[in-house]
>>> print(open('model.txt').read())   # compact mmCIF, C-alpha atoms
# COMPACT_ATOMS: atom_id res chain seq x y z
CA MET G 1 152.54 81.23 80.97
CA LYS G 2 154.92 79.11 82.86
CA GLN G 3 154.79 75.42 81.94
CA THR G 4 156.26 74.18 85.23
CA ILE G 5 155.10 70.58 85.12
CA LEU G 6 156.05 70.08 81.49
CA ALA G 7 159.37 71.86 81.94
CA ARG G 8 160.14 69.83 85.04
CA ARG G 9 159.51 66.66 83.09
CA TYR G 10 161.98 67.65 80.34
CA ALA G 11 164.50 68.93 82.91
CA LYS G 12 164.26 65.75 84.89
CA ALA G 13 164.98 63.70 81.77
CA LEU G 14 167.98 65.82 80.83
CA PHE G 15 169.26 65.89 84.41
CA SER G 16 168.96 62.12 84.61
CA LEU G 17 170.90 61.67 81.37
CA GLY G 18 173.54 64.20 82.44
CA LYS G 19 173.88 62.58 85.84
CA ASP G 20 174.42 59.19 84.18
CA GLU G 21 177.14 60.65 82.07
CA GLY G 22 178.46 62.94 84.79
CA LYS G 23 177.72 66.02 82.73
CA PHE G 24 174.67 67.49 84.44
CA GLU G 25 176.62 70.60 85.49
CA GLU G 26 177.79 71.10 81.92
CA TYR G 27 174.30 70.58 80.59
CA ASN G 28 172.99 72.97 83.19
CA ASP G 29 175.44 75.70 82.28
CA THR G 30 174.76 75.30 78.55
CA LEU G 31 171.03 75.22 79.07
CA SER G 32 171.18 78.35 81.24
CA ALA G 33 173.20 80.16 78.57
CA LEU G 34 170.72 79.12 75.85
CA ALA G 35 167.79 80.22 78.02
CA GLU G 36 169.39 83.61 78.57
CA LEU G 37 169.98 83.91 74.84
CA TYR G 38 166.38 82.89 74.14
CA GLN G 39 165.02 85.55 76.53
CA GLN G 40 167.36 88.34 75.45
CA ALA G 41 167.31 87.80 71.64
CA PRO G 42 163.83 88.12 70.09
CA GLU G 43 165.12 87.04 66.70
CA VAL G 44 166.38 83.78 68.22
CA ARG G 45 163.00 83.27 69.90
CA ASP G 46 161.26 83.95 66.61
CA GLY G 47 163.54 81.65 64.67
CA LEU G 48 162.93 78.80 67.11
CA THR G 49 159.18 79.10 67.69
CA ASN G 50 157.60 80.91 64.72
CA PRO G 51 155.48 78.37 62.77
CA ILE G 52 155.99 80.42 59.58
CA TYR G 53 159.38 78.84 59.30
CA PRO G 54 159.58 75.19 58.31
CA LEU G 55 160.32 72.72 61.04
CA GLU G 56 163.56 71.72 59.34
CA ALA G 57 164.72 75.34 59.27
CA ARG G 58 163.95 75.79 62.96
CA ARG G 59 165.83 72.56 63.69
CA LYS G 60 168.84 73.89 61.78
CA VAL G 61 168.72 77.12 63.80
CA MET G 62 168.67 75.17 67.05
CA THR G 63 171.52 72.93 65.85
CA ALA G 64 173.53 75.99 64.95
CA ILE G 65 172.93 77.54 68.36
CA ALA G 66 173.89 74.29 70.07
CA ASP G 67 177.07 74.06 68.05
CA SER G 68 177.98 77.64 68.96
CA ALA G 69 177.40 76.77 72.63
CA LYS G 70 179.65 73.72 72.21
CA ALA G 71 176.89 71.37 73.30
CA ASP G 72 177.57 67.65 73.01
CA ALA G 73 175.53 65.28 70.87
CA MET G 74 173.16 64.37 73.66
CA LEU G 75 172.26 67.98 74.45
CA THR G 76 172.00 68.77 70.73
CA ARG G 77 169.49 65.94 70.27
CA PHE G 78 167.58 67.14 73.32
CA LEU G 79 167.31 70.63 71.86
CA GLY G 80 166.28 69.16 68.51
CA LEU G 81 163.57 67.18 70.30
CA LEU G 82 162.21 70.44 71.76
CA ILE G 83 161.91 71.80 68.19
CA ASP G 84 160.24 68.60 66.94
CA LYS G 85 157.77 68.64 69.81
CA LYS G 86 157.21 72.40 69.42
CA ARG G 87 158.39 72.98 73.02
CA ALA G 88 161.15 75.49 72.31
CA ASP G 89 159.10 78.17 74.07
CA ILE G 90 159.60 76.42 77.45
CA LEU G 91 163.37 76.48 77.17
CA PRO G 92 163.77 79.05 79.98
CA ASP G 93 161.47 77.05 82.26
CA ILE G 94 163.44 73.87 81.56
CA ALA G 95 166.68 75.73 82.38
CA PHE G 96 165.14 76.98 85.66
CA GLU G 97 164.00 73.52 86.71
CA MET G 98 167.35 72.08 85.64
CA GLN G 99 169.14 74.64 87.79
CA ALA G 100 166.97 73.72 90.77
CA MET G 101 167.72 70.04 90.31
CA VAL G 102 171.44 70.68 89.96
CA ASP G 103 171.41 72.95 93.04
CA LYS G 104 169.61 70.28 94.98
CA GLU G 105 172.10 67.70 93.81
CA LYS G 106 174.99 69.95 94.84
CA ASN G 107 173.19 71.06 98.06
CA ILE G 108 173.10 74.66 96.96
CA SER G 109 170.34 77.21 97.73
CA HIS G 110 169.81 80.48 95.98
CA GLY G 111 168.93 83.40 98.12
CA SER G 112 168.22 87.10 97.75
CA VAL G 113 169.05 89.96 100.09
CA ILE G 114 167.35 93.37 99.95
CA SER G 115 169.10 96.23 101.76
CA ALA G 116 168.59 99.99 102.02
CA VAL G 117 172.20 100.71 101.21
CA GLU G 118 174.88 98.88 99.26
CA LEU G 119 176.38 96.06 101.33
CA ASP G 120 180.11 95.60 101.67
CA ASP G 121 181.69 92.17 101.20
CA ALA G 122 182.09 91.55 104.90
CA LEU G 123 178.41 92.02 105.46
CA LYS G 124 177.57 89.84 102.47
CA GLU G 125 179.76 87.08 103.79
CA LYS G 126 178.23 87.38 107.23
CA ILE G 127 174.73 87.27 105.76
CA GLN G 128 175.66 84.27 103.62
CA ALA G 129 177.19 82.49 106.58
CA THR G 130 174.12 83.17 108.68
CA LEU G 131 171.79 81.90 105.97
CA GLU G 132 173.93 78.78 105.37
CA LYS G 133 173.81 78.17 109.10
CA ILE G 134 170.03 78.48 109.08
CA THR G 135 169.38 76.36 105.97
CA GLY G 136 172.26 73.93 106.36
CA LYS G 137 173.08 74.38 102.66
CA LYS G 138 175.46 76.42 100.59
CA VAL G 139 173.76 79.66 99.81
CA LEU G 140 174.35 81.74 96.71
CA LEU G 141 173.18 85.28 97.41
CA GLU G 142 171.82 87.86 95.07
CA THR G 143 171.79 91.35 96.55
CA THR G 144 169.38 94.19 95.75
CA VAL G 145 169.21 97.77 97.05
CA ASP G 146 165.79 99.19 98.04
CA PRO G 147 165.91 102.45 100.07
CA SER G 148 162.21 102.15 100.92
CA ILE G 149 163.00 99.56 103.59
CA LEU G 150 164.83 102.44 105.40
CA GLY G 151 167.44 100.12 106.94
CA GLY G 152 168.30 96.54 107.79
CA ILE G 153 167.86 93.64 105.33
CA ILE G 154 165.21 91.29 103.96
CA ALA G 155 166.73 87.91 103.12
CA LYS G 156 164.89 85.11 101.30
CA VAL G 157 166.19 81.55 100.90
CA GLY G 158 163.70 79.03 99.57
CA ASP G 159 160.69 79.28 101.79
CA ILE G 160 162.58 81.10 104.52
CA VAL G 161 162.14 84.89 104.80
CA LEU G 162 164.17 86.93 107.29
CA ASP G 163 162.75 90.44 107.54
CA GLY G 164 165.00 92.71 109.56
CA SER G 165 164.07 95.94 107.79
CA ILE G 166 163.36 99.12 109.71
CA ARG G 167 160.17 99.65 107.71
CA THR G 168 158.77 96.35 108.99
CA GLN G 169 159.79 97.26 112.53
CA LEU G 170 158.11 100.64 112.19
CA SER G 171 155.00 98.96 110.81
CA GLY G 172 154.97 96.61 113.82
CA LEU G 173 155.41 99.57 116.14
CA LYS G 174 152.53 101.35 114.39
CA ASP G 175 150.30 98.29 114.72
CA THR G 176 151.23 98.03 118.38
CA ILE G 177 150.22 101.65 118.98
CA LYS G 178 146.98 101.17 117.05
CA GLY G 179 146.14 97.90 118.78
CA SER G 180 146.86 99.03 122.32
CA GLU G 181 143.90 100.29 124.34
CA MET P 1 17.89 87.64 146.96
CA LYS P 2 19.08 91.17 147.03
CA SER P 3 18.07 91.65 143.42
CA ILE P 4 14.60 90.45 144.24
CA THR P 5 14.41 92.80 147.18
CA LYS P 6 15.44 95.69 145.04
CA ALA P 7 12.93 94.72 142.38
CA ARG P 8 10.20 94.68 145.04
CA LEU P 9 11.32 98.07 146.25
CA PHE P 10 11.16 99.34 142.70
CA VAL P 11 7.61 97.94 142.32
CA SER P 12 6.57 99.52 145.64
CA VAL P 13 7.82 102.90 144.43
CA ILE P 14 5.85 102.52 141.21
CA LEU P 15 2.75 101.41 143.21
CA GLY P 16 3.02 104.36 145.52
CA PHE P 17 3.45 106.68 142.61
CA SER P 18 0.36 105.15 141.00
CA LEU P 19 -1.69 105.58 144.13
CA VAL P 20 -0.67 109.17 144.34
CA ALA P 21 -1.43 109.71 140.70
CA ALA P 22 -4.77 107.88 140.76
CA PRO P 23 -6.91 110.83 141.99
CA PHE P 24 -5.61 112.92 139.17
CA CYS P 25 -6.51 110.25 136.73
CA LEU P 26 -10.03 110.11 138.13
CA ALA P 27 -10.42 113.89 137.88
CA GLU P 28 -9.23 113.93 134.32
CA SER P 29 -11.81 111.33 133.36
CA GLY P 30 -14.54 114.00 134.06
CA HIS P 31 -13.60 116.00 130.95
CA GLY P 32 -15.82 113.70 128.88
CA ALA P 33 -13.35 111.31 127.42
CA ALA P 34 -14.03 108.33 129.66
CA LYS P 35 -11.55 106.06 128.37
CA LYS P 36 -11.74 102.67 130.01
CA GLU P 37 -8.84 100.67 128.70
CA VAL P 38 -5.82 101.86 130.60
CA SER P 39 -2.64 100.04 130.05
CA THR P 40 -0.06 102.20 131.72
CA HIS P 41 0.06 105.53 133.53
CA ILE P 42 2.00 107.08 130.69
CA THR P 43 -0.54 105.81 128.18
CA VAL P 44 -3.32 107.41 130.18
CA GLN P 45 -1.48 110.72 130.26
CA GLU P 46 -0.92 110.67 126.51
CA VAL P 47 -4.57 109.74 125.81
CA LYS P 48 -5.66 112.52 128.16
CA THR P 49 -3.53 115.06 126.34
CA VAL P 50 -4.76 114.04 122.94
CA GLU P 51 -8.44 113.85 123.90
CA THR P 52 -8.77 117.01 125.97
CA HIS P 53 -7.71 119.34 123.20
CA PRO P 54 -9.25 118.08 119.96
CA ALA P 55 -11.64 120.97 119.78
CA ALA P 56 -8.87 123.48 120.21
CA VAL P 57 -6.85 121.72 117.56
CA GLU P 58 -9.79 121.79 115.28
CA GLN P 59 -10.47 125.41 116.07
CA HIS P 60 -6.86 126.35 115.34
CA ALA P 61 -6.98 124.35 112.15
CA VAL P 62 -10.01 126.03 110.76
CA PRO P 63 -8.47 129.45 110.04
CA ALA P 64 -5.50 127.86 108.39
CA GLU P 65 -7.56 125.69 106.14
CA THR P 66 -10.41 128.13 105.27
CA GLY P 67 -8.51 131.32 105.28
CA GLY P 68 -11.12 132.91 107.67
CA THR P 69 -10.59 136.04 109.71
CA HIS P 70 -8.75 136.30 112.98
CA GLY P 71 -11.91 137.40 114.73
CA GLU P 72 -13.70 134.17 113.97
CA ALA P 73 -10.81 132.17 115.19
CA VAL P 74 -10.81 134.07 118.41
CA GLY P 75 -14.51 133.53 118.81
CA ALA P 76 -14.25 129.81 118.26
CA HIS P 77 -11.42 129.62 120.70
CA GLY P 78 -13.51 131.46 123.15
CA GLN P 79 -16.23 128.86 122.82
CA ALA P 80 -13.88 126.05 123.30
CA ALA P 81 -12.55 127.71 126.41
CA ALA P 82 -16.02 128.17 127.67
CA GLY P 83 -16.86 124.58 127.06
CA HIS P 84 -13.74 123.52 128.86
CA GLY P 85 -14.74 125.57 131.79
CA GLU P 86 -18.07 123.99 131.90
CA GLY P 87 -16.79 120.52 131.68
CA ALA P 88 -14.36 121.17 134.41
CA ALA P 89 -16.89 122.70 136.62
CA GLY P 90 -19.32 119.86 136.07
CA GLY P 91 -16.67 117.24 136.68
CA HIS P 92 -15.48 118.69 139.94
CA GLY P 93 -18.98 119.10 141.09
CA SER P 94 -19.94 115.50 140.49
CA SER P 95 -16.84 114.14 142.18
CA HIS P 96 -17.51 116.04 145.28
CA GLY P 97 -21.07 114.98 145.28
CA ASN P 98 -20.76 111.16 144.58
CA SER P 99 -17.14 109.97 145.21
CA LEU P 100 -17.74 106.20 145.83
CA SER P 101 -20.18 105.42 143.16
CA PRO P 102 -20.20 101.81 141.90
CA ALA P 103 -18.89 102.86 138.56
CA LYS P 104 -15.96 104.53 140.16
CA LEU P 105 -15.32 101.68 142.49
CA LYS P 106 -15.50 99.36 139.58
CA ASP P 107 -13.09 101.57 137.72
CA LEU P 108 -10.82 101.66 140.72
CA PHE P 109 -11.01 97.96 141.00
CA TRP P 110 -10.02 97.39 137.43
CA ARG P 111 -7.25 99.89 137.78
CA ALA P 112 -6.02 98.08 140.80
CA VAL P 113 -6.24 94.81 138.94
CA ASN P 114 -4.52 96.35 136.04
CA PHE P 115 -1.81 97.67 138.30
CA ALA P 116 -1.50 94.35 140.06
CA ALA P 117 -1.14 92.62 136.72
CA LEU P 118 1.46 95.15 135.76
CA VAL P 119 3.30 94.58 139.00
CA PHE P 120 3.08 90.84 138.59
CA ILE P 121 4.36 91.02 135.05
CA LEU P 122 7.17 93.30 136.07
CA VAL P 123 8.12 91.11 139.03
CA TYR P 124 7.70 87.88 137.13
CA PHE P 125 9.58 88.87 134.01
CA GLY P 126 11.76 91.65 135.23
CA ALA P 127 13.00 90.50 138.60
CA LYS P 128 15.32 87.84 137.30
CA PRO P 129 16.96 89.83 134.45
CA ILE P 130 17.25 92.92 136.61
CA GLY P 131 18.62 90.86 139.48
CA ASN P 132 20.98 89.12 137.15
CA ALA P 133 22.01 92.41 135.64
CA LEU P 134 22.57 93.92 139.04
CA SER P 135 24.36 90.81 140.27
CA GLY P 136 26.49 90.74 137.13
CA ARG P 137 27.34 94.37 137.51
CA ARG P 138 28.21 93.83 141.16
CA GLN P 139 30.33 90.85 140.20
CA LYS P 140 31.92 92.83 137.40
CA ILE P 141 32.69 95.68 139.76
CA ARG P 142 34.02 93.22 142.30
CA ASP P 143 36.15 91.58 139.63
CA GLU P 144 37.36 94.94 138.48
CA LEU P 145 38.18 95.83 142.06
CA GLU P 146 40.02 92.55 142.48
CA ASP P 147 41.83 93.10 139.20
CA LEU P 148 42.76 96.58 140.23
CA GLN P 149 43.90 95.30 143.59
CA ALA P 150 45.95 92.58 141.88
CA GLN P 151 47.40 95.13 139.50
CA ARG P 152 48.15 97.40 142.44
CA ASP P 153 49.81 94.53 144.28
CA GLU P 154 51.72 93.60 141.16
CA ALA P 155 52.74 97.21 140.63
CA GLU P 156 53.89 97.43 144.24
CA LYS P 157 55.75 94.17 143.79
CA SER P 158 57.33 95.44 140.59
CA PHE P 159 58.18 98.69 142.30
CA LYS P 160 59.84 96.83 145.16
CA GLU P 161 61.67 94.60 142.71
CA PHE P 162 62.72 97.64 140.74
CA GLU P 163 63.90 99.32 143.93
CA ALA P 164 65.80 96.17 144.86
CA SER P 165 67.30 95.87 141.41
CA LEU P 166 68.11 99.57 141.47
CA ALA P 167 69.89 99.12 144.78
CA GLY P 168 71.68 96.06 143.36
CA MET P 169 72.50 97.99 140.20
CA GLU P 170 74.00 100.79 142.24
CA LYS P 171 76.06 98.25 144.12
CA GLU P 172 77.04 96.57 140.88
CA MET P 173 77.86 99.94 139.40
CA GLU P 174 80.06 100.69 142.38
CA THR P 175 81.71 97.31 141.90
CA VAL P 176 82.26 98.01 138.21
CA VAL P 177 83.62 101.45 138.96
CA ALA P 178 85.90 100.02 141.64
CA ARG P 179 87.10 97.36 139.23
CA ALA P 180 87.66 99.93 136.51
CA VAL P 181 89.59 102.12 138.93
CA LYS P 182 91.66 99.12 139.99
CA GLN P 183 92.37 98.21 136.37
CA ALA P 184 93.24 101.81 135.60
CA GLU P 185 95.64 101.84 138.55
CA ALA P 186 97.21 98.59 137.36
CA GLU P 187 97.46 99.97 133.83
CA LYS P 188 98.99 103.13 135.20
CA VAL P 189 101.59 101.15 137.12
CA LYS P 190 102.26 99.03 134.06
CA ILE P 191 102.62 102.07 131.81
CA LEU P 192 104.93 103.71 134.32
CA GLU P 193 107.04 100.58 134.55
CA GLU P 194 107.22 100.33 130.77
CA ALA P 195 108.10 103.99 130.51
CA GLU P 196 110.81 103.58 133.13
CA ARG P 197 112.09 100.51 131.34
CA ALA P 198 112.05 102.32 128.01
CA ALA P 199 113.81 105.28 129.59
CA ALA P 200 116.41 102.94 131.06
CA ASP P 201 116.86 101.28 127.67
CA ILE P 202 117.19 104.64 125.96
CA LYS P 203 119.68 105.75 128.58
CA LYS P 204 121.59 102.50 128.19
CA GLN P 205 121.58 102.83 124.41
CA ALA P 206 122.70 106.42 124.67
CA GLU P 207 125.48 105.45 127.03
CA SER P 208 126.43 102.60 124.72
CA ALA P 209 126.40 104.94 121.74
CA ILE P 210 128.52 107.43 123.67
CA GLN P 211 130.95 104.70 124.67
CA SER P 212 131.06 103.45 121.10
CA GLU P 213 131.64 106.93 119.74
CA LEU P 214 134.25 107.51 122.42
CA ALA P 215 136.00 104.27 121.58
CA ALA P 216 135.86 105.07 117.86
CA ALA P 217 137.25 108.52 118.46
CA LYS P 218 139.94 107.08 120.70
CA LYS P 219 140.79 104.47 118.09
CA GLU P 220 140.89 107.07 115.35
CA LEU P 221 143.12 109.23 117.51
CA GLN P 222 145.40 106.28 118.21
CA ASN P 223 145.62 105.47 114.52
CA GLU P 224 146.36 109.02 113.69
CA VAL P 225 149.00 109.19 116.42
CA ALA P 226 150.51 105.92 115.20
CA GLU P 227 150.61 107.12 111.60
CA LYS P 228 152.12 110.43 112.61
CA ALA P 229 154.63 108.71 114.87
CA ALA P 230 155.62 106.30 112.10
CA VAL P 231 156.02 109.14 109.61
CA MET P 232 158.07 111.16 112.07
CA ALA P 233 160.22 108.15 112.96
CA GLU P 234 160.77 107.39 109.29
CA GLU P 235 161.85 110.95 108.63
CA LEU P 236 164.19 110.90 111.61
CA ILE P 237 165.67 107.57 110.55
CA VAL P 238 166.20 108.71 106.98
CA GLN P 239 167.79 111.94 108.11
CA ASN P 240 169.96 110.60 110.88
CA LEU P 241 170.86 107.02 109.88
CA THR P 242 174.51 106.74 108.77
CA PRO P 243 176.12 103.86 106.79
CA GLU P 244 177.71 102.68 109.99
CA ASP P 245 174.31 102.61 111.64
CA HIS P 246 173.03 100.52 108.73
CA SER P 247 175.91 98.08 109.16
CA ASN P 248 175.36 97.91 112.90
CA ILE P 249 171.62 97.32 112.46
CA ILE P 250 172.28 94.49 109.96
CA GLU P 251 174.94 92.91 112.12
CA ASN P 252 172.79 93.11 115.23
CA TYR P 253 169.94 91.52 113.35
CA LEU P 254 172.16 88.76 111.99
CA ASP P 255 173.47 88.15 115.51
CA ARG P 256 169.94 87.86 116.86
CA VAL P 257 168.92 85.51 114.07
CA GLY P 258 172.08 83.42 114.45
CA ALA P 259 171.64 83.26 118.22
CA ALA P 260 168.02 82.23 117.80
CA GLN P 261 169.08 79.32 115.56
>>> encode(input="model.txt", output="structure tokens")
Amino acid sequence: MKQTILARRYAKALFSLGKDEGKFEEYNDTLSALAELYQQAPEVRDGLTNPIYPLEARRKVMTAIADSAKADAMLTRFLGLLIDKKRADILPDIAFEMQAMVDKEKNISHGSVISAVELDDALKEKIQATLEKITGKKVLLETTVDPSILGGIIAKVGDIVLDGSIRTQLSGLKDTIKGSE
Amino acid sequence: MKSITKARLFVSVILGFSLVAAPFCLAESGHGAAKKEVSTHITVQEVKTVETHPAAVEQHAVPAETGGTHGEAVGAHGQAAAGHGEGAAGGHGSSHGNSLSPAKLKDLFWRAVNFAALVFILVYFGAKPIGNALSGRRQKIRDELEDLQAQRDEAEKSFKEFEASLAGMEKEMETVVARAVKQAEAEKVKILEEAERAAADIKKQAESAIQSELAAAKKELQNEVAEKAAVMAEELIVQNLTPEDHSNIIENYLDRVGAAQ
């Protein structure tokens, strides 16, 4: 279960500290790498959250991971605080909220584009430019291929959804035929 | 007054009858039984009957009591008959020879007195009750006649009333029948109107149901056509769409979106 409010509170604290020290991008990158490690390595997750292990042992594991990630003292203490407060399980959520705050600070939006075929770079750039023009922000795109949309693209940036897929157009055409008397 | 008159008439009849019967009474007195106290004519007749035949009665009684022969009885009877013949002969002969003797006149006188007394008694005591009885009977008959007349009048009156009521009843019956016919006609019209209304409703409902079914069928057909068309279009797009077409579609869409912004 996603602990959004709690994670946002921790992320906000870390982002505030990083911003004061001008290291919020560094903290963000490190935190994202740790979150990816946490999600991809079950043994790491177990070593950080399993109550079988003593708290001191779990703290040592976290310190070791922070050292390997070349985290500074502030970030290391933050990660140690998560172990002390038994909040290591929300590390990915904190990284997500931290990323959102950093993106907002840097005026960056993350978007996704679904297409029926693989897009070439020119098309990606054109899509990105169009989305940046619409949102007024720098857009980082993540592309996905889904042949079921038959053709066109479905682009999502924040709350904005641009559905130019052929499937949606066919569905509209079908509804028009059904609805017409 | 009429009752008294009738009573007098009755007494006159009796007196006349007595005068006619008087000679016979005088002749009978010659048989030897000169009975002087005469109360009524009927009493005289009875006394005469009893007294003129005692010998014969005695003669008839002798054989029964003594058990004598039939010849003796006949002989005694013959004597009695002879004696009777003598008495009769002697009586008739004396009456023809001395008809207004003092004794007879005296007897006639007393008879007349006796008769007058009888008449007086009858008139004195009988006139009023008889008159009353006759008057009462007349009154009773008159009353009965009046009652019968009243009953007849009442019956006629009842008959007339019955005839009148019968005529009124016929009229009332005609009125009732007319009213019933009128109500039946109104009910008939009402039933016809309701039936027509119900038929119209049924027709309307049937038409509505037909329209509804038609619309549903049309809608179902449209849906089916739309589904088929979408499937066919999808197949055509998948088969015929080239990578260049994909790029063109995306670019056209991006142009439209960019132009809209």
>>> interface_residues(input="model.txt", of="chain G", to="chain P", cutoff="10 Å", atoms="all atoms listed in the file", output="compact mmCIF listing (two decimals) with C-alpha atoms, in the coordinates of the input")
# COMPACT_ATOMS: atom_id res chain seq x y z
CA SER G 115 169.10 96.23 101.76
CA ALA G 116 168.59 99.99 102.02
CA VAL G 117 172.20 100.71 101.21
CA GLU G 118 174.88 98.88 99.26
CA LEU G 119 176.38 96.06 101.33
CA ASP G 120 180.11 95.60 101.67
CA ALA G 122 182.09 91.55 104.90
CA LEU G 123 178.41 92.02 105.46
CA LYS G 126 178.23 87.38 107.23
CA ILE G 127 174.73 87.27 105.76
CA ALA G 129 177.19 82.49 106.58
CA THR G 130 174.12 83.17 108.68
CA LEU G 131 171.79 81.90 105.97
CA LYS G 133 173.81 78.17 109.10
CA ILE G 134 170.03 78.48 109.08
CA PRO G 147 165.91 102.45 100.07
CA SER G 148 162.21 102.15 100.92
CA ILE G 149 163.00 99.56 103.59
CA LEU G 150 164.83 102.44 105.40
CA GLY G 151 167.44 100.12 106.94
CA GLY G 152 168.30 96.54 107.79
CA ILE G 153 167.86 93.64 105.33
CA ILE G 154 165.21 91.29 103.96
CA LEU G 162 164.17 86.93 107.29
CA ASP G 163 162.75 90.44 107.54
CA GLY G 164 165.00 92.71 109.56
CA SER G 165 164.07 95.94 107.79
CA ILE G 166 163.36 99.12 109.71
CA ARG G 167 160.17 99.65 107.71
CA GLN G 169 159.79 97.26 112.53
CA LEU G 170 158.11 100.64 112.19
CA SER G 171 155.00 98.96 110.81
CA GLY G 172 154.97 96.61 113.82
CA LEU G 173 155.41 99.57 116.14
CA LYS G 174 152.53 101.35 114.39
CA ASP G 175 150.30 98.29 114.72
CA THR G 176 151.23 98.03 118.38
CA ILE G 177 150.22 101.65 118.98
CA LYS G 178 146.98 101.17 117.05
CA GLY G 179 146.14 97.90 118.78
CA SER G 180 146.86 99.03 122.32
CA GLU G 181 143.90 100.29 124.34
>>> atom_distance(input="model.txt", atom1="atom CA of G:Met101", atom2="atom CA of G:Asn28")
9.3 Å
>>> atom_distance(input="model.txt", atom1="atom CA of P:Ala150", atom2="atom CA of P:Leu134")
23.6 Å
>>> residues_around(input="model.txt", residues="G:Gly18", least_positions_apart="4", cutoff="10 Å", atoms="all atoms listed in the file", output="list in words")
Lys12, Ala13, Leu14, Gly22, Lys23, Phe24, Glu25, Glu26, Tyr27, Asn28, Met74 and Leu75 of chain G
>>> write_last_selection(input="model.txt", atoms="C-alpha atoms", output="PDB file, in the coordinates of the input")
ATOM      1  CA  LYS G  12     164.260  65.750  84.890  1.00  0.00           C
ATOM      2  CA  ALA G  13     164.980  63.700  81.770  1.00  0.00           C
ATOM      3  CA  LEU G  14     167.980  65.820  80.830  1.00  0.00           C
ATOM      4  CA  GLY G  22     178.460  62.940  84.790  1.00  0.00           C
ATOM      5  CA  LYS G  23     177.720  66.020  82.730  1.00  0.00           C
ATOM      6  CA  PHE G  24     174.670  67.490  84.440  1.00  0.00           C
ATOM      7  CA  GLU G  25     176.620  70.600  85.490  1.00  0.00           C
ATOM      8  CA  GLU G  26     177.790  71.100  81.920  1.00  0.00           C
ATOM      9  CA  TYR G  27     174.300  70.580  80.590  1.00  0.00           C
ATOM     10  CA  ASN G  28     172.990  72.970  83.190  1.00  0.00           C
ATOM     11  CA  MET G  74     173.160  64.370  73.660  1.00  0.00           C
ATOM     12  CA  LEU G  75     172.260  67.980  74.450  1.00  0.00           C
TER      13      LEU G  75
END
>>> residues_around(input="model.txt", residues="G:Ile65", least_positions_apart="5", cutoff="12 Å", atoms="only C-alpha atoms", output="PDB file with C-alpha atoms, keeping the file's coordinate frame")
ATOM      1  CA  THR G  30     174.760  75.300  78.550  1.00  0.00           C
ATOM      2  CA  LEU G  31     171.030  75.220  79.070  1.00  0.00           C
ATOM      3  CA  ALA G  33     173.200  80.160  78.570  1.00  0.00           C
ATOM      4  CA  LEU G  34     170.720  79.120  75.850  1.00  0.00           C
ATOM      5  CA  ALA G  35     167.790  80.220  78.020  1.00  0.00           C
ATOM      6  CA  LEU G  37     169.980  83.910  74.840  1.00  0.00           C
ATOM      7  CA  TYR G  38     166.380  82.890  74.140  1.00  0.00           C
ATOM      8  CA  VAL G  44     166.380  83.780  68.220  1.00  0.00           C
ATOM      9  CA  ARG G  45     163.000  83.270  69.900  1.00  0.00           C
ATOM     10  CA  GLY G  47     163.540  81.650  64.670  1.00  0.00           C
ATOM     11  CA  LEU G  48     162.930  78.800  67.110  1.00  0.00           C
ATOM     12  CA  ARG G  58     163.950  75.790  62.960  1.00  0.00           C
ATOM     13  CA  ARG G  59     165.830  72.560  63.690  1.00  0.00           C
ATOM     14  CA  LYS G  60     168.840  73.890  61.780  1.00  0.00           C
ATOM     15  CA  LYS G  70     179.650  73.720  72.210  1.00  0.00           C
ATOM     16  CA  ALA G  71     176.890  71.370  73.300  1.00  0.00           C
ATOM     17  CA  ASP G  72     177.570  67.650  73.010  1.00  0.00           C
ATOM     18  CA  LEU G  75     172.260  67.980  74.450  1.00  0.00           C
ATOM     19  CA  THR G  76     172.000  68.770  70.730  1.00  0.00           C
ATOM     20  CA  LEU G  79     167.310  70.630  71.860  1.00  0.00           C
ATOM     21  CA  GLY G  80     166.280  69.160  68.510  1.00  0.00           C
TER      22      GLY G  80
END
>>> atom_distance(input="model.txt", atom1="atom CA of G:Gly111", atom2="atom CA of G:Val139")
6.3 Å
>>> axis_aligned_box(input="model.txt", around="stretch 64-67 of chain G", padding_each_side="5 Å", output="AutoDock Vina command-line options")
--center_x 175.0 --center_y 75.8 --center_z 67.5 --size_x 14.1 --size_y 13.5 --size_z 15.1
>>> residues_around(input="model.txt", residues="G:Ala57", least_positions_apart="3", cutoff="12 Å", atoms="only C-alpha atoms", output="list of chain:residue names")
G:Asp46, G:Gly47, G:Leu48, G:Thr49, G:Asn50, G:Pro51, G:Ile52, G:Tyr53, G:Pro54, G:Lys60, G:Val61, G:Met62, G:Thr63, G:Ala64, G:Gly80, G:Ile83, G:Asp84
>>> residues_around(input="model.txt", residues="G:Glu36", least_positions_apart="4", cutoff="10 Å", atoms="all atoms listed in the file", output="MDAnalysis selection string")
chainID G and resid 30:32 40:41 91:92 95
>>> write_last_selection(input="model.txt", atoms="C-alpha atoms", output="JSON list (two decimals), in the frame of the given file")
[["chain", "number", "residue", "atom", "x", "y", "z"],
["G", 30, "THR", "CA", 174.76, 75.30, 78.55],
["G", 31, "LEU", "CA", 171.03, 75.22, 79.07],
["G", 32, "SER", "CA", 171.18, 78.35, 81.24],
["G", 40, "GLN", "CA", 167.36, 88.34, 75.45],
["G", 41, "ALA", "CA", 167.31, 87.80, 71.64],
["G", 91, "LEU", "CA", 163.37, 76.48, 77.17],
["G", 92, "PRO", "CA", 163.77, 79.05, 79.98],
["G", 95, "ALA", "CA", 166.68, 75.73, 82.38]]
